[in-house]
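Down below is the structure, laid out as structure tokens.
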Amino acid sequence: MLSNTQSYADSPDGTGDRPVATPIVEMSGISISFPGVKALQNVAFRLFPGEVHSLMGENGAGKSTLIKALTGVYTIDSGSIRVAGNDVLFSGPGEAQNAGIATVYQEVNLVTNLTVAENIMLGREPRRFGMIDWRAMRKHSRKVLADLNLDIDPGSLLESHSIAVQQLVAIARAVDINAQVLVLDEPTSSLDAREVGELFTIIRKIRDSGVAILFVSHFLDQVYEISDRLTVLRNGELVSEHLVHDLPRIDLISKMIGKDLAALDELEEGTKREATERVSGGAFLHAEGVGKTGSIKPYDLEIHPGEVVGLAGLLGSGRTELARLLYGADKNDSGAITIKGEPVKLRSPRIALDNKIAFASEDRKAEGLIGDLTVRANIVLAMQSERGWLRQIPRKQQDELAEKYIKALDIRPTNPEALVRNLSGGNQQKVLLARWLITEPKLLILDEPTRGIDIGAKAQIQKLVASLSDEGMAVVYISAELEEVLRLSHRIGIMRDRVKIAEIVNQGVTVNDIMETIAAEAGQPA
Amino acid sequence: MTTTLQPAIGPEAPSKKRSLKRFERYSPIAATVVLLIVMLAFGGIRYDNFLSGQALLDLFNKNSYLFVLAIGMTFVILTGGIDLSVGAVMAMGTVIAAQLLSKGWSPALVIPVVLVISTVLGLLVGLMIDKFKIQPFIATLAAMFLARGLSLMITDRQIAITDTFFQKMNLTHINLWETTTNTRRGVRVSDVYTTWSVVIALLILVIAFVVLHYTRFGRTVYAIGGGESSANLMGLAVARTKISVYAISGLCSGLAGILYSFYTASGDPIVGVGYELNAIAAVVIGGTLLAGGAGYVLGSVLGVITLSVIYAYKDFDGGLNTGWTRVMIGALVLLFIVLQRVLVARRK
Ligand SMILES: Nc1ncnc2c1ncn2[C@@H]1O[C@H](COP(=O)(O)OP(=O)(O)OP(=O)(O)O)[C@@H](O)[C@H]1O
Ligand SMILES: [Mg+2]
């Protein structure tokens, strides 16, 4: 077994300035295998009090597994874990929590059937005379929520809130535990800039009070903004540990993907697009005055074959609501939709699918990835239901399709028979995307398709979308990341307060232009 | 490299809507209350004396053991589990009690022994479910056969209980008030009464309510029903709680056995066949989600009263038979499961 010092000396880029403090968490020689996968091999990791330490790596690199090894969700095959100088082997998350490690896991670990207050306080409820003091509980939760600038009723059920709010509640719970170590596995994946800002303010505050924070995110901006130190994992192995100011982004990326950045640049190059006019031959879908009371004001939209229409706007500006009318999740109560000139009523997603309109959501849980089925079965699911269950897709064709999309989206592990629940978060997201691509839709609606996906895969997905549109597929692309929208879209619809306020052709447009459009419109009285 | 737009989130919903939303979770129980009122009114119109004080109290007097079974079952179902063994364990309780009493044991010893045995059996079932990951359905089915088999091994016929304490519990009425009824022979004054068994059942109800709503254990029961793996990641004592709910259900079944032998002054190895289904039906009619995580023990009690009303129909009406009561219960269970689906779907 490797000793801690050894492993850092061995790593190619071991940092020179070793902190004087002693680490609060020290993991060394950690190995974990699952049937057929070596998730972690001889990994060392250390965390100091008063630092934000980011764990970096591609989807499936082993970040979440390392966290779960620390908190006792998984038992390690070999290695040792020391917390505050003592050797520990936690038998489960409860024990880790009692030992001062509070964790927000990647799959938001809350119970939606209970109230917000309970989700914050479960297991730590204030008691009077041995009985839970509900009033004190609500009062305390209100304060905790206020610290995160979250104005919600602590007595409301968690399931009545958006994923972003749920993620914030999970963070509130972990912060409130007042642990010595705070672990945040992709806490920002559903958050927008303002909320990330609030979160970072809090992280800085508790870091300064001496808490050690382990942070995971695929957003490099966030990582560079908040971290003091980085540890890079690749394919379940430790690559290196650095102080953040010693490692330029370019180097970080090449360490994560294991090849030169040039390869990635090439990928990104391929997706830079000219806003060519694609109006010839008539629109695929034409929406006129389509709206739904209380959800989105009537809007017009035309989407041509081979065209990517981006949607930009603030959180809650109505991007998703607009899309929901186009694939039948919500019914419009005004206006009309025509597809290839024919009027249609998109009353359900099923009818939309019959009209070759597919929608991939950011919410892989609600969207029904079935964890206990294989990657192959999940990929062919939508296609199978479109064909009807009586006409089974031949196994050979299933295998071919699965293989094709595993390769195209770089799903790892590449084994089509792996169970989806065992995939890393980002890879699950890719499986969901594959499910809809496979139905060969004429119009594909993508809502935050790259959320939780690493930079390499992100570029790959963008490239895939570009090439699909080159082949004639119409795409509606929703993303909070404006660069992404700009890189891919031919036209961009801009949303504010549930109204489509503008539509611009993407020619020489910059991120600033879009921000200004929104700000300018916002300045005017409604 | 990455720019995200600044969002402008306000409060999620206006406060008026908020308070309405809060009450939405009580809608299944409200449905049960409405149903119960309608059924009582129907009985009152159709049958004489259906709504008389004694008839209403008899809804409790005749079914005290079923209340206790349903309360235990509520704990299990709230975690998303099921306990098929309760009827058999109850029978085992009656038989052990009768057998030991006939051997001359003191009731002060017999009752604790029955309660301990049934609790331990539940504990073992819970351990099987938690440690060996056996489906609750299977594990409790096995326990059901085991308990029934043991009862039949102890005795294959009914044993009468002559013990004075059990006799007293059988015969003692707690008189609440006097009532006058006009009969052909003139005005008759009689006492409206309940029994100690009902008092015990109500006590259990209060304890169960406090445990479920005012202890960490109780909240963990709900959290497990909401998502076992999430509850585990939240650091809650999932294993301990899961095992405990089966022990609690076992304890309640044993107690139901005691109450039943008070009621009949006997131990009977073949009593309680199908009672597990009655208990489950009561829980479902009371608005508890079979998938777990939502429901109230008070609802289950309303569910038992609903079943009692159906039995009372049968008692008041010579034309109805047992088959008819079963069909009625089946229909209600179906109705409530559909209702829950609709409510869950609407919330999404
Ligand atoms: N329970 C499990 N059973 C089998 N394989 C697993 C299990 N959990 C994780 N793995 C595998 O271990 C590897 C590491 O997964 P992990 O979730 O740690 O990745 P990650 O770095 O967190 O990725 P992401 O950025 O996508 O969240 C993956 O190949 C994954 O498929
Ligand atoms: Mg992960």
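By convention here, the chains of the structure tokens are called A, B, ... in the order presented, each chain's residues are numbered starting at 1, and ligands are numbered starting at 1 in the order presented.
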(request) May I have the residues within 9 Å of ligand 2, computed using only C-alpha atoms and all ligand atoms, as a list in words? (result) Asn59, Gly60, Ala61, Gly62, Lys63, Ser64, Thr65, Ile67, Tyr105, Gln106, Glu107, Asp185, Glu186, Val216, Leu423, Ser424, Gly425, Gly426 and Gly452 of chain A
Would you mind exporting N, CA, C and O atoms of the selected residues as a PDB file, in the first residue's frame?
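The result, stored in out.pdb:
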ATOM      1  N   ASN A  59     -16.634  12.501 -16.957  1.00  0.00           N
ATOM      2  CA  ASN A  59     -17.747  11.653 -16.505  1.00  0.00           C
ATOM      3  C   ASN A  59     -17.230  10.230 -16.331  1.00  0.00           C
ATOM      4  O   ASN A  59     -16.615   9.670 -17.230  1.00  0.00           O
ATOM      5  N   GLY A  60     -17.488   9.672 -15.182  1.00  0.00           N
ATOM      6  CA  GLY A  60     -17.061   8.296 -14.953  1.00  0.00           C
ATOM      7  C   GLY A  60     -15.630   8.187 -14.461  1.00  0.00           C
ATOM      8  O   GLY A  60     -15.100   7.086 -14.328  1.00  0.00           O
ATOM      9  N   ALA A  61     -14.986   9.320 -14.171  1.00  0.00           N
ATOM     10  CA  ALA A  61     -13.592   9.276 -13.709  1.00  0.00           C
ATOM     11  C   ALA A  61     -13.498   8.685 -12.305  1.00  0.00           C
ATOM     12  O   ALA A  61     -12.453   8.177 -11.905  1.00  0.00           O
ATOM     13  N   GLY A  62     -14.574   8.770 -11.556  1.00  0.00           N
ATOM     14  CA  GLY A  62     -14.569   8.175 -10.220  1.00  0.00           C
ATOM     15  C   GLY A  62     -14.746   9.182  -9.091  1.00  0.00           C
ATOM     16  O   GLY A  62     -14.546   8.850  -7.929  1.00  0.00           O
ATOM     17  N   LYS A  63     -15.167  10.394  -9.422  1.00  0.00           N
ATOM     18  CA  LYS A  63     -15.308  11.438  -8.401  1.00  0.00           C
ATOM     19  C   LYS A  63     -16.362  11.049  -7.363  1.00  0.00           C
ATOM     20  O   LYS A  63     -16.097  11.050  -6.157  1.00  0.00           O
ATOM     21  N   SER A  64     -17.554  10.721  -7.861  1.00  0.00           N
ATOM     22  CA  SER A  64     -18.628  10.381  -6.923  1.00  0.00           C
ATOM     23  C   SER A  64     -18.275   9.119  -6.133  1.00  0.00           C
ATOM     24  O   SER A  64     -18.626   9.001  -4.954  1.00  0.00           O
ATOM     25  N   THR A  65     -17.593   8.201  -6.788  1.00  0.00           N
ATOM     26  CA  THR A  65     -17.217   6.966  -6.100  1.00  0.00           C
ATOM     27  C   THR A  65     -16.245   7.252  -4.962  1.00  0.00           C
ATOM     28  O   THR A  65     -16.355   6.687  -3.869  1.00  0.00           O
ATOM     29  N   ILE A  67     -16.067   9.977  -3.254  1.00  0.00           N
ATOM     30  CA  ILE A  67     -16.843  10.606  -2.189  1.00  0.00           C
ATOM     31  C   ILE A  67     -17.601   9.549  -1.390  1.00  0.00           C
ATOM     32  O   ILE A  67     -17.623   9.554  -0.158  1.00  0.00           O
ATOM     33  N   TYR A 105     -24.948  14.628  -2.061  1.00  0.00           N
ATOM     34  CA  TYR A 105     -24.586  13.695  -3.110  1.00  0.00           C
ATOM     35  C   TYR A 105     -25.094  14.194  -4.451  1.00  0.00           C
ATOM     36  O   TYR A 105     -25.983  15.040  -4.519  1.00  0.00           O
ATOM     37  N   GLN A 106     -24.528  13.617  -5.513  1.00  0.00           N
ATOM     38  CA  GLN A 106     -24.871  14.088  -6.853  1.00  0.00           C
ATOM     39  C   GLN A 106     -26.346  13.874  -7.163  1.00  0.00           C
ATOM     40  O   GLN A 106     -27.024  14.759  -7.656  1.00  0.00           O
ATOM     41  N   GLU A 107     -26.841  12.678  -6.834  1.00  0.00           N
ATOM     42  CA  GLU A 107     -28.266  12.429  -7.007  1.00  0.00           C
ATOM     43  C   GLU A 107     -28.937  13.034  -5.781  1.00  0.00           C
ATOM     44  O   GLU A 107     -28.772  12.538  -4.685  1.00  0.00           O
ATOM     45  N   ASP A 185     -21.129  17.362  -4.198  1.00  0.00           N
ATOM     46  CA  ASP A 185     -20.922  16.695  -5.490  1.00  0.00           C
ATOM     47  C   ASP A 185     -21.857  17.314  -6.526  1.00  0.00           C
ATOM     48  O   ASP A 185     -23.062  17.080  -6.495  1.00  0.00           O
ATOM     49  N   GLU A 186     -21.306  18.098  -7.418  1.00  0.00           N
ATOM     50  CA  GLU A 186     -22.057  18.831  -8.440  1.00  0.00           C
ATOM     51  C   GLU A 186     -23.272  19.560  -7.863  1.00  0.00           C
ATOM     52  O   GLU A 186     -24.403  19.359  -8.302  1.00  0.00           O
ATOM     53  N   VAL A 216     -17.259  19.502  -6.393  1.00  0.00           N
ATOM     54  CA  VAL A 216     -17.176  18.888  -7.722  1.00  0.00           C
ATOM     55  C   VAL A 216     -18.057  19.679  -8.662  1.00  0.00           C
ATOM     56  O   VAL A 216     -19.198  20.020  -8.324  1.00  0.00           O
ATOM     57  N   LEU A 423     -24.191   3.695 -13.828  1.00  0.00           N
ATOM     58  CA  LEU A 423     -23.426   4.660 -14.598  1.00  0.00           C
ATOM     59  C   LEU A 423     -23.223   5.936 -13.793  1.00  0.00           C
ATOM     60  O   LEU A 423     -24.015   6.270 -12.915  1.00  0.00           O
ATOM     61  N   SER A 424     -22.158   6.664 -14.124  1.00  0.00           N
ATOM     62  CA  SER A 424     -21.961   7.958 -13.472  1.00  0.00           C
ATOM     63  C   SER A 424     -23.048   8.904 -13.960  1.00  0.00           C
ATOM     64  O   SER A 424     -23.668   8.685 -14.992  1.00  0.00           O
ATOM     65  N   GLY A 425     -23.275   9.976 -13.194  1.00  0.00           N
ATOM     66  CA  GLY A 425     -24.353  10.912 -13.492  1.00  0.00           C
ATOM     67  C   GLY A 425     -24.329  11.422 -14.931  1.00  0.00           C
ATOM     68  O   GLY A 425     -25.336  11.414 -15.634  1.00  0.00           O
ATOM     69  N   GLY A 426     -23.166  11.849 -15.383  1.00  0.00           N
ATOM     70  CA  GLY A 426     -23.050  12.401 -16.727  1.00  0.00           C
ATOM     71  C   GLY A 426     -23.355  11.366 -17.794  1.00  0.00           C
ATOM     72  O   GLY A 426     -23.997  11.650 -18.808  1.00  0.00           O
ATOM     73  N   GLY A 452     -24.286  18.712 -16.389  1.00  0.00           N
ATOM     74  CA  GLY A 452     -23.621  17.604 -15.697  1.00  0.00           C
ATOM     75  C   GLY A 452     -22.698  16.788 -16.587  1.00  0.00           C
ATOM     76  O   GLY A 452     -22.260  15.715 -16.210  1.00  0.00           O
TER      77      GLY A 452
END
(message) Give me the residues near stretch 276-285 of chain B as JSON, numbers by chain, where near means some atom within 6 Å (using only C-alpha atoms) and where sequence neighbours in that chain fewer than 3 positions away do not count.
(response) {"B": [70, 84, 86, 87, 288, 300, 303, 304, 333, 336]}
Export of the given selection (N, CA and C atoms) as a PDB file, in the first residue's frame:
ATOM      1  N   ALA B  70     -54.604  -2.549  12.390  1.00  0.00           N
ATOM      2  CA  ALA B  70     -54.450  -1.532  11.353  1.00  0.00           C
ATOM      3  C   ALA B  70     -53.415  -0.486  11.750  1.00  0.00           C
ATOM      4  N   LEU B  84     -48.092  -9.441   5.870  1.00  0.00           N
ATOM      5  CA  LEU B  84     -49.186 -10.387   5.654  1.00  0.00           C
ATOM      6  C   LEU B  84     -49.390 -11.303   6.848  1.00  0.00           C
ATOM      7  N   VAL B  86     -50.098 -10.545  10.045  1.00  0.00           N
ATOM      8  CA  VAL B  86     -50.750 -10.047  11.253  1.00  0.00           C
ATOM      9  C   VAL B  86     -51.916 -10.913  11.724  1.00  0.00           C
ATOM     10  N   GLY B  87     -52.716 -11.432  10.782  1.00  0.00           N
ATOM     11  CA  GLY B  87     -53.854 -12.264  11.183  1.00  0.00           C
ATOM     12  C   GLY B  87     -53.385 -13.527  11.887  1.00  0.00           C
ATOM     13  N   THR B 288     -53.686   6.101   3.220  1.00  0.00           N
ATOM     14  CA  THR B 288     -52.239   5.887   3.189  1.00  0.00           C
ATOM     15  C   THR B 288     -51.837   5.284   1.847  1.00  0.00           C
ATOM     16  N   SER B 300     -56.142   5.520   9.131  1.00  0.00           N
ATOM     17  CA  SER B 300     -56.349   4.075   9.225  1.00  0.00           C
ATOM     18  C   SER B 300     -57.491   3.762  10.177  1.00  0.00           C
ATOM     19  N   GLY B 303     -60.491   4.260   8.469  1.00  0.00           N
ATOM     20  CA  GLY B 303     -60.649   3.120   7.561  1.00  0.00           C
ATOM     21  C   GLY B 303     -61.296   1.946   8.281  1.00  0.00           C
ATOM     22  N   VAL B 304     -60.851   1.676   9.509  1.00  0.00           N
ATOM     23  CA  VAL B 304     -61.437   0.563  10.263  1.00  0.00           C
ATOM     24  C   VAL B 304     -62.908   0.863  10.554  1.00  0.00           C
ATOM     25  N   VAL B 333     -61.724  -0.229  -1.611  1.00  0.00           N
ATOM     26  CA  VAL B 333     -60.263  -0.214  -1.748  1.00  0.00           C
ATOM     27  C   VAL B 333     -59.887   0.261  -3.143  1.00  0.00           C
ATOM     28  N   PHE B 336     -60.358   3.924  -3.562  1.00  0.00           N
ATOM     29  CA  PHE B 336     -59.354   4.763  -2.916  1.00  0.00           C
ATOM     30  C   PHE B 336     -58.003   4.693  -3.601  1.00  0.00           C
TER      31      PHE B 336
END
(request) Give me, as a ChimeraX atom specification, the contact residues of chain A against chain B at a cut-off of 7 Å, counting only C-alpha atoms. (result) /A:93-94,97,109-113,123,131-132,151-152,156,192-194,221,313-315,480-483
(message) Can you pull out the residues contacting A:Ile257? Cut-off 8 Å, using only C-alpha atoms, and skip same-chain residues under 4 positions away; I want them as a PyMOL selection string.
(response) chain A and resi 57-58+234+253+456
(request) May I have the residues within 10 Å of stretch 471-474 of chain A as JSON, numbers by chain, using only C-alpha atoms and disregarding those fewer than 3 positions away in the same chain? (result) {"A": [278, 283, 284, 285, 303, 304, 305, 306, 307, 308, 309, 357, 440, 441, 442, 443, 444, 445, 465, 466, 467, 468, 477]}
(request) Write out as a list in words each polymer residue whose atoms come within 6 Å of stretch 330-337 of chain A, counting only C-alpha atoms; drop sequence neighbours fewer than 6 positions from it. (result) His286, Ala287, Glu288, Gly289, Val290, Gly291, Lys292, Arg324, Pro343, Val344 and Arg347 of chain A
(message) Measuring between only C-alpha atoms and all ligand atoms, which one of A:Pro126, A:Pro413, A:Gly72, A:Pro154 shows the shortest distance to ligand 1?
(response) A:Pro413
(request) Take atom CA of A:Asn427 and atom 6 (C, counted along the ligand's line) of ligand 1 and report the distance between them in Å, one decimal. (result)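 If I compute the distance from atom CA of A:Asn427 to atom 6 (C, counted along the ligand's line) of ligand 1, I get 11.1 Å.
What separates atom CA of B:Pro136 from atom CA of B:Ala247 is a distance of 12.9 Å.
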